[in-house]
file my_file.cif (mmCIF, C-alpha atoms)
data_upload
#
loop_
_atom_site.label_atom_id
_atom_site.label_comp_id
_atom_site.auth_asym_id
_atom_site.auth_seq_id
_atom_site.Cartn_x
_atom_site.Cartn_y
_atom_site.Cartn_z
CA MET A 1 189.34 104.30 69.42
CA ALA A 2 186.63 106.31 71.16
CA LYS A 3 184.53 104.44 73.68
CA LYS A 4 180.98 103.88 72.48
CA ASP A 5 178.28 105.69 74.43
CA PRO A 6 176.04 103.14 76.23
CA THR A 7 172.95 105.02 75.06
CA ASP A 8 174.00 104.50 71.43
CA LEU A 9 173.90 100.71 71.70
CA SER A 10 171.18 98.87 69.83
CA VAL A 11 168.64 96.80 71.74
CA GLU A 12 170.36 93.66 70.46
CA GLU A 13 173.74 94.82 71.82
CA LYS A 14 172.18 95.82 75.14
CA LEU A 15 170.58 92.41 75.54
CA LYS A 16 173.81 90.62 74.64
CA THR A 17 175.77 92.69 77.13
CA LEU A 18 173.19 92.13 79.87
CA TYR A 19 173.21 88.39 79.29
CA GLN A 20 177.02 88.26 79.36
CA MET A 21 176.98 90.16 82.63
CA GLN A 22 174.30 87.85 84.03
CA THR A 23 176.47 84.85 83.13
CA ALA A 24 179.46 86.36 84.96
CA LEU A 25 177.34 87.27 88.00
CA SER A 26 175.87 83.77 88.13
CA ALA A 27 179.40 82.35 88.07
CA ILE A 28 180.32 84.62 91.01
CA ASP A 29 177.20 83.47 92.87
CA GLU A 30 178.23 79.88 92.27
CA LYS A 31 181.68 80.56 93.74
CA ARG A 32 180.09 82.13 96.78
CA THR A 33 177.72 79.19 97.12
CA LEU A 34 180.77 76.95 97.55
CA ARG A 35 181.46 78.79 100.77
CA GLY A 36 178.08 77.69 102.05
CA GLU A 37 177.12 79.05 105.45
CA LEU A 38 180.75 79.63 106.51
CA PRO A 39 180.72 83.46 106.11
CA GLN A 40 177.52 83.69 108.14
CA GLU A 41 178.88 81.29 110.75
CA VAL A 42 182.08 83.35 111.04
CA ASP A 43 180.04 86.55 111.48
CA ASP A 44 177.82 84.88 114.08
CA LEU A 45 180.85 83.63 116.04
CA GLU A 46 182.47 87.07 115.94
CA ASP A 47 179.24 88.65 117.19
CA GLU A 48 178.95 86.03 119.95
CA ILE A 49 182.56 86.59 121.04
CA GLU A 50 181.98 90.33 121.10
CA GLY A 51 178.88 89.77 123.23
CA LEU A 52 180.81 87.48 125.59
CA ASN A 53 183.55 90.10 125.95
CA THR A 54 180.94 92.69 126.87
CA ARG A 55 179.39 90.29 129.38
CA ILE A 56 182.79 89.52 130.92
CA GLN A 57 183.49 93.24 131.30
CA ARG A 58 180.11 93.73 132.96
CA ILE A 59 180.66 90.81 135.34
CA GLN A 60 184.13 92.10 136.22
CA THR A 61 182.65 95.54 136.91
CA ASP A 62 180.06 93.94 139.23
CA ILE A 63 182.83 92.03 141.07
CA ASP A 64 184.83 95.24 141.48
CA GLU A 65 181.76 97.02 142.86
CA PHE A 66 181.10 94.24 145.39
CA GLN A 67 184.74 94.25 146.45
CA LYS A 68 184.60 98.00 146.96
CA ALA A 69 181.45 97.53 149.04
CA VAL A 70 183.24 94.89 151.20
CA THR A 71 186.19 97.23 151.73
CA GLN A 72 183.84 100.06 152.65
CA LYS A 73 181.89 97.91 155.12
CA LYS A 74 185.11 96.68 156.71
CA SER A 75 186.13 100.30 157.16
CA GLU A 76 182.74 101.06 158.74
CA ILE A 77 183.18 98.06 161.07
CA ALA A 78 186.59 99.35 162.16
CA GLU A 79 185.09 102.76 162.91
CA ALA A 80 182.18 101.19 164.80
CA GLU A 81 184.50 98.97 166.85
CA ALA A 82 186.62 102.00 167.71
CA SER A 83 183.48 103.83 168.83
CA VAL A 84 182.39 100.86 170.96
CA ALA A 85 185.81 100.72 172.60
CA ARG A 86 185.66 104.47 173.27
CA TYR A 87 182.15 104.29 174.69
CA LYS A 88 183.05 101.35 176.93
CA ALA A 89 185.99 103.33 178.27
CA GLN A 90 183.68 106.26 178.97
CA LEU A 91 181.37 103.98 180.95
CA GLU A 92 183.98 103.79 183.69
CA ASP A 93 183.76 107.55 184.22
CA VAL A 94 179.99 108.04 184.13
CA LYS A 95 178.56 110.20 186.89
CA ASN A 96 174.87 109.38 186.59
CA ASN A 97 172.42 106.89 185.13
CA ARG A 98 171.51 109.18 182.28
CA GLU A 99 175.06 109.18 180.88
CA TYR A 100 175.26 105.42 181.46
CA ASP A 101 172.06 104.80 179.48
CA THR A 102 173.20 107.09 176.68
CA LEU A 103 176.56 105.34 176.35
CA SER A 104 174.91 101.89 176.55
CA LYS A 105 172.55 102.80 173.73
CA GLU A 106 175.46 104.05 171.60
CA ILE A 107 177.37 100.83 172.25
CA GLU A 108 174.28 98.80 171.31
CA PHE A 109 173.72 100.88 168.17
CA GLN A 110 177.34 100.51 167.05
CA SER A 111 177.18 96.76 167.74
CA LEU A 112 174.10 96.51 165.52
CA GLU A 113 175.93 98.48 162.83
CA ILE A 114 178.81 96.02 163.06
CA GLU A 115 176.41 93.07 162.68
CA LEU A 116 174.68 94.77 159.73
CA CYS A 117 178.01 95.47 158.03
CA ASN A 118 179.10 91.86 158.55
CA LYS A 119 175.82 90.71 157.00
CA LYS A 120 176.38 93.01 153.98
CA ILE A 121 179.94 91.70 153.69
CA ARG A 122 178.73 88.08 153.65
CA GLU A 123 176.11 88.89 151.01
CA ALA A 124 178.69 90.74 148.90
CA GLN A 125 181.19 87.89 149.22
CA ALA A 126 178.49 85.41 148.18
CA ARG A 127 177.75 87.57 145.14
CA ILE A 128 181.48 87.83 144.38
CA SER A 129 181.69 84.04 144.48
CA GLU A 130 178.71 83.69 142.12
CA LYS A 131 180.06 86.32 139.76
CA SER A 132 183.52 84.76 139.81
CA GLN A 133 182.05 81.39 138.78
CA GLU A 134 180.03 83.10 136.04
CA LEU A 135 183.18 84.94 134.93
CA GLU A 136 185.16 81.70 134.65
CA GLN A 137 182.35 80.01 132.73
CA ASN A 138 182.21 82.88 130.23
CA LYS A 139 185.98 82.93 129.88
CA GLN A 140 185.94 79.21 129.15
CA LEU A 141 183.08 79.68 126.69
CA ILE A 142 184.85 82.50 124.89
CA GLU A 143 187.96 80.35 124.50
CA GLU A 144 185.85 77.59 122.94
CA ARG A 145 184.20 80.08 120.58
CA ARG A 146 187.57 81.51 119.59
CA GLY A 147 188.73 77.99 118.75
CA ASP A 148 185.62 77.47 116.62
CA LEU A 149 186.16 80.85 114.96
CA ASP A 150 189.77 80.05 114.07
CA LEU A 151 188.67 76.74 112.56
CA LYS A 152 185.84 78.32 110.53
CA LYS A 153 188.10 81.14 109.34
CA SER A 154 190.71 78.61 108.27
CA GLU A 155 188.12 76.66 106.25
CA LEU A 156 186.75 79.88 104.72
CA ASP A 157 190.21 81.19 103.82
CA GLU A 158 191.05 77.86 102.18
CA ILE A 159 187.92 77.96 100.03
CA MET A 160 188.37 81.63 99.16
CA GLU A 161 191.99 81.05 98.21
CA GLU A 162 190.87 78.46 95.66
CA THR A 163 188.27 80.74 94.08
CA ARG A 164 189.74 84.22 94.71
CA ALA A 165 191.68 84.56 91.43
CA GLU A 166 188.80 83.41 89.25
CA GLU A 167 186.30 85.50 91.19
CA GLU A 168 188.45 88.62 90.77
CA LYS A 169 188.56 88.05 87.00
CA LEU A 170 184.78 87.70 86.93
CA LYS A 171 184.36 90.90 88.96
CA GLU A 172 186.60 92.77 86.52
CA LYS A 173 184.54 91.44 83.62
CA VAL A 174 181.30 92.54 85.31
CA LYS A 175 182.76 95.99 85.94
CA GLU A 176 183.77 96.27 82.29
CA LEU A 177 180.32 95.17 81.08
CA GLU A 178 178.58 97.57 83.46
CA SER A 179 180.38 100.48 81.83
CA LYS A 180 178.79 99.50 78.51
CA ILE A 181 175.22 99.64 79.81
CA GLU A 182 173.29 102.84 80.29
CA PRO A 183 172.72 103.65 84.02
CA ARG A 184 168.94 103.46 83.89
CA LEU A 185 168.88 99.99 82.32
CA LEU A 186 171.65 98.81 84.65
CA ALA A 187 169.73 100.01 87.70
CA SER A 188 166.61 98.20 86.50
CA PHE A 189 168.57 95.01 85.88
CA LYS A 190 170.14 95.13 89.36
CA ARG A 191 166.74 95.71 90.95
CA ILE A 192 165.21 92.75 89.07
CA ARG A 193 168.18 90.54 89.97
CA LYS A 194 167.98 91.54 93.64
CA ASN A 195 164.30 90.64 93.85
CA ALA A 196 164.72 87.36 91.94
CA ARG A 197 165.05 84.27 94.11
CA ASN A 198 167.76 82.69 91.94
CA GLY A 199 169.54 85.96 91.12
CA LEU A 200 168.56 85.90 87.44
CA GLY A 201 167.73 89.31 86.01
CA ILE A 202 167.67 88.23 82.35
CA VAL A 203 166.57 84.83 81.04
CA TYR A 204 166.05 83.24 77.63
CA VAL A 205 162.90 81.58 76.34
CA GLN A 206 162.77 77.85 77.05
CA ARG A 207 160.13 75.66 75.42
CA ASP A 208 157.85 78.64 74.78
CA ALA A 209 158.09 79.66 78.47
CA CYS A 210 159.98 82.15 80.61
CA GLY A 211 163.33 80.71 81.76
CA GLY A 212 162.85 82.27 85.18
CA CYS A 213 159.27 81.55 86.28
CA PHE A 214 158.43 78.99 83.53
CA ASN A 215 155.11 80.59 82.67
CA LYS A 216 154.01 80.22 79.05
CA ILE A 217 154.75 83.12 76.71
CA PRO A 218 152.21 83.98 73.98
CA PRO A 219 153.43 83.42 70.39
CA GLN A 220 153.17 87.13 69.51
CA ARG A 221 155.32 88.07 72.50
CA GLN A 222 157.87 85.40 71.50
CA LEU A 223 157.98 86.96 68.06
CA ASP A 224 158.61 90.40 69.61
CA ILE A 225 161.47 88.92 71.65
CA LYS A 226 163.03 87.45 68.48
CA MET A 227 162.75 90.80 66.70
CA HIS A 228 165.06 92.57 69.26
CA LYS A 229 163.25 95.85 68.69
CA LYS A 230 162.73 96.68 72.37
CA ILE A 231 163.47 95.42 75.88
CA ILE A 232 160.71 93.00 76.85
CA VAL A 233 160.09 91.72 80.36
CA CYS A 234 158.10 88.73 81.57
CA GLU A 235 154.61 89.81 82.54
CA TYR A 236 154.64 87.32 85.42
CA CYS A 237 158.06 87.64 87.11
CA GLY A 238 159.36 90.90 85.58
CA ARG A 239 162.64 89.40 84.30
CA ILE A 240 164.13 90.71 81.06
CA MET A 241 163.59 88.27 78.20
CA ILE A 242 166.13 87.37 75.51
CA ASP A 243 165.99 85.10 72.50
CA PRO A 244 168.07 81.89 72.99
CA GLU A 245 169.82 82.41 69.66
CA LEU A 246 170.91 85.91 70.65
CA ALA A 247 172.06 84.58 74.04
CA GLY A 248 174.18 81.98 72.25
CA VAL A 249 172.25 79.11 73.77
CA LYS A 250 171.39 76.06 71.73
CA VAL A 251 167.92 74.87 72.58
CA GLU A 252 166.96 71.39 71.52
CA LYS A 253 163.61 71.25 69.83
CA PRO A 254 161.25 68.74 71.39
CA VAL A 255 160.92 65.63 69.28
CA ASP A 256 157.37 64.64 68.40
CA THR A 257 157.21 61.06 69.63
CA GLU A 258 153.58 60.61 68.71
CA LYS A 259 153.16 58.51 65.57
CA LYS A 260 150.21 58.74 63.31
CA PRO A 261 148.14 55.58 63.36
CA THR A 262 148.81 53.46 60.25
CA ARG A 263 145.83 52.57 58.17
CA LYS A 264 145.58 48.97 57.19
CA ARG A 265 145.23 48.35 53.50
CA ALA A 266 141.90 46.86 52.71
CA ILE A 267 142.17 43.52 51.00
CA ARG A 268 139.47 42.79 48.54
CA LYS A 269 138.06 39.35 48.97
CA THR A 270 136.76 37.45 45.98
CA SER A 271 133.69 35.43 46.30
CA THR A 272 133.85 31.63 46.41
CA ALA A 273 131.80 31.36 43.25
CA SER A 274 134.22 33.54 41.27
CA SER A 275 137.17 31.48 42.45
CA LYS A 276 135.46 28.28 41.40
CA LYS A 277 134.71 29.69 37.94
CA ALA A 278 138.35 30.67 37.47
CA ALA A 279 139.46 27.18 38.47
CA ASP A 280 137.04 25.58 35.97
CA ALA A 281 138.28 27.80 33.19
CA ASN A 282 141.82 26.69 33.87
CA ASP A 283 140.80 23.08 33.75
CA MET A 284 139.11 23.62 30.40
CA GLU A 285 142.25 25.03 28.95
#
call {"tool": "encode", "arguments": {"input": "my_file.cif", "output": "structure tokens"}}
result
Amino acid sequence: MAKKDPTDLSVEEKLKTLYQMQTALSAIDEKRTLRGELPQEVDDLEDEIEGLNTRIQRIQTDIDEFQKAVTQKKSEIAEAEASVARYKAQLEDVKNNREYDTLSKEIEFQSLEIELCNKKIREAQARISEKSQELEQNKQLIEERRGDLDLKKSELDEIMEETRAEEEKLKEKVKELESKIEPRLLASFKRIRKNARNGLGIVYVQRDACGGCFNKIPPQRQLDIKMHKKIIVCEYCGRIMIDPELAGVKVEKPVDTEKKPTRKRAIRKTSTASSKKAADANDME
């Protein structure tokens, strides 16, 4: 049997198909609601762990840089100490005061370089100590977050396992229904549903009002909805409207609890004189 072209469907068939799809999508939304905030919490934890990993790498890079600086300064100290030792040895062979002063200044300069390098080494080692503590704290924090992530993932997997089969069936049904709806109408429905707070793109009339925003619908517009001659949307919220009967929904009619006031039957009173006359007539008989 050839598949029916979506554009050949009547308005009534289009509305029915849309409402069936809305029902399936609402059921999927309900399944996802059962998961609560778990998916978002899992994503947040994964992002946090990724950020912590980046921070740990940056801290480790800083530690490596400080350690390189310490090694370099120690090498400079060794060179300076060698120069001091060489200059001190040359002092024993000086021939005049000028050479002596020059060598003394070099020894003093190299000694200052050694002191400066030692100061840089102490500062670098202090920074290494701080960074090492920060590194350990972040490593401990990342282990805690990984534990939380494993727990959240376990809870999420458990919930998804319970609803996965049913959700897959609903997704297949939605896919099948989508193929029956013309692309333009489907795109409009998806846009309406996306903008709707409760995810409803098509609603039925409830108590003379829109089932989405609950604004009153004029009688003439209700009649147009019942006629199924064209797609009608709510003028307030933009949702597609469908007649409850067409949607297969039984709507209870409101019972009129107001009772009409009962009129008391007027009782005609006879005069005292008339009653007395009737009594006398009886006595005469």
call {"tool": "residues_near_point", "arguments": {"input": "my_file.cif", "point": "(157.8, 82.5, 71.0)", "cutoff": "12 Å", "atoms": "only C-alpha atoms", "output": "list in words"}}
result
Tyr204, Val205, Gln206, Arg207, Asp208, Ala209, Cys210, Lys216, Ile217, Pro218, Pro219, Gln220, Arg221, Gln222, Leu223, Asp224, Ile225, Lys226, Met227, Met241, Ile242, Asp243 and Pro244 of chain A
call {"tool": "residues_around", "arguments": {"input": "my_file.cif", "residues": "Asp150 in chain A", "least_positions_apart": "5", "cutoff": "9 Å", "atoms": "only C-alpha atoms", "output": "PyMOL selection string"}}
result
chain A and resi 42+145+155
call {"tool": "write_last_selection", "arguments": {"input": "my_file.cif", "atoms": "C-alpha atoms", "output": "JSON list (two decimals), keeping the file's coordinate frame"}}
result
[["chain", "number", "residue", "atom", "x", "y", "z"],
["A", 42, "VAL", "CA", 182.08, 83.35, 111.04],
["A", 145, "ARG", "CA", 184.20, 80.08, 120.58],
["A", 155, "GLU", "CA", 188.12, 76.66, 106.25]]
call {"tool": "residues_around", "arguments": {"input": "my_file.cif", "residues": "range 88-91 of chain A", "least_positions_apart": "3", "cutoff": "9 Å", "atoms": "all atoms listed in the file", "output": "list in words"}}
result
Ser83, Val84, Ala85, Val94, Glu99, Tyr100, Leu103, Ser104 and Ile107 of chain A
call {"tool": "write_last_selection", "arguments": {"input": "my_file.cif", "atoms": "C-alpha atoms", "output": "PDB file, in the frame of the given file"}}
result
ATOM      1  CA  SER A  83     183.480 103.830 168.830  1.00  0.00           C
ATOM      2  CA  VAL A  84     182.390 100.860 170.960  1.00  0.00           C
ATOM      3  CA  ALA A  85     185.810 100.720 172.600  1.00  0.00           C
ATOM      4  CA  VAL A  94     179.990 108.040 184.130  1.00  0.00           C
ATOM      5  CA  GLU A  99     175.060 109.180 180.880  1.00  0.00           C
ATOM      6  CA  TYR A 100     175.260 105.420 181.460  1.00  0.00           C
ATOM      7  CA  LEU A 103     176.560 105.340 176.350  1.00  0.00           C
ATOM      8  CA  SER A 104     174.910 101.890 176.550  1.00  0.00           C
ATOM      9  CA  ILE A 107     177.370 100.830 172.250  1.00  0.00           C
TER      10      ILE A 107
END
call {"tool": "resolve_selection", "arguments": {"input": "my_file.cif", "expression": "the PyMOL selection byres ((chain A and resi 166-180) around 8)", "output": "JSON, numbers by chain"}}
result
{"A": [4, 5, 6, 17, 18, 20, 21, 24, 25, 27, 28, 31, 163, 164, 165, 181, 182, 186]}
call {"tool": "closest_residue", "arguments": {"input": "my_file.cif", "among": "A:Lys105, A:Phe66, A:Tyr236, A:Val11", "to": "Glu130 in chain A", "atoms": "only C-alpha atoms"}}
result
A:Phe66
call {"tool": "atom_distance", "arguments": {"input": "my_file.cif", "atom1": "CA of Ala69 in chain A", "atom2": "CA of Ala126 in chain A"}}
result
12.5 Å
call {"tool": "resolve_selection", "arguments": {"input": "my_file.cif", "expression": "the PyMOL selection byres ((chain A and resi 38) around 12)", "output": "PDB file with C-alpha atoms, keeping the file's coordinate frame"}}
result
ATOM      1  CA  ARG A  32     180.090  82.130  96.780  1.00  0.00           C
ATOM      2  CA  THR A  33     177.720  79.190  97.120  1.00  0.00           C
ATOM      3  CA  LEU A  34     180.770  76.950  97.550  1.00  0.00           C
ATOM      4  CA  ARG A  35     181.460  78.790 100.770  1.00  0.00           C
ATOM      5  CA  GLY A  36     178.080  77.690 102.050  1.00  0.00           C
ATOM      6  CA  GLU A  37     177.120  79.050 105.450  1.00  0.00           C
ATOM      7  CA  PRO A  39     180.720  83.460 106.110  1.00  0.00           C
ATOM      8  CA  GLN A  40     177.520  83.690 108.140  1.00  0.00           C
ATOM      9  CA  GLU A  41     178.880  81.290 110.750  1.00  0.00           C
ATOM     10  CA  VAL A  42     182.080  83.350 111.040  1.00  0.00           C
ATOM     11  CA  ASP A  43     180.040  86.550 111.480  1.00  0.00           C
ATOM     12  CA  ASP A  44     177.820  84.880 114.080  1.00  0.00           C
ATOM     13  CA  LEU A  45     180.850  83.630 116.040  1.00  0.00           C
ATOM     14  CA  ASP A 148     185.620  77.470 116.620  1.00  0.00           C
ATOM     15  CA  LEU A 149     186.160  80.850 114.960  1.00  0.00           C
ATOM     16  CA  ASP A 150     189.770  80.050 114.070  1.00  0.00           C
ATOM     17  CA  LEU A 151     188.670  76.740 112.560  1.00  0.00           C
ATOM     18  CA  LYS A 152     185.840  78.320 110.530  1.00  0.00           C
ATOM     19  CA  LYS A 153     188.100  81.140 109.340  1.00  0.00           C
ATOM     20  CA  SER A 154     190.710  78.610 108.270  1.00  0.00           C
ATOM     21  CA  GLU A 155     188.120  76.660 106.250  1.00  0.00           C
ATOM     22  CA  LEU A 156     186.750  79.880 104.720  1.00  0.00           C
ATOM     23  CA  ASP A 157     190.210  81.190 103.820  1.00  0.00           C
ATOM     24  CA  GLU A 158     191.050  77.860 102.180  1.00  0.00           C
ATOM     25  CA  ILE A 159     187.920  77.960 100.030  1.00  0.00           C
ATOM     26  CA  MET A 160     188.370  81.630  99.160  1.00  0.00           C
TER      27      MET A 160
END
call {"tool": "residues_around", "arguments": {"input": "my_file.cif", "residues": "Ile202 in chain A", "least_positions_apart": "5", "cutoff": "12 Å", "atoms": "only C-alpha atoms", "output": "ChimeraX atom specification"}}
result
/A:14-23,25-26,185-186,188-194,196,210-213,231-234,237-244,247
call {"tool": "atom_distance", "arguments": {"input": "my_file.cif", "atom1": "CA of Arg86 in chain A", "atom2": "CA of Phe109 in chain A"}}
result
13.5 Å
call {"tool": "closest_residue", "arguments": {"input": "my_file.cif", "among": "A:Phe214, A:Leu112, A:Lys229, A:Val249", "to": "Glu13 in chain A", "atoms": "all atoms listed in the file"}}
result
A:Lys229
call {"tool": "atom_distance", "arguments": {"input": "my_file.cif", "atom1": "CA of Ser129 in chain A", "atom2": "CA of Ile77 in chain A"}}
result
21.8 Å
call {"tool": "closest_residue", "arguments": {"input": "my_file.cif", "among": "A:Leu200, A:Asp62, A:Glu12, A:Ile121", "to": "Glu245 in chain A", "atoms": "all atoms listed in the file"}}
result
A:Glu12
call {"tool": "closest_residue", "arguments": {"input": "my_file.cif", "among": "A:Leu246, A:Ile63, A:Ala187, A:Val203", "to": "Ile128 in chain A", "atoms": "all atoms listed in the file"}}
result
A:Ile63
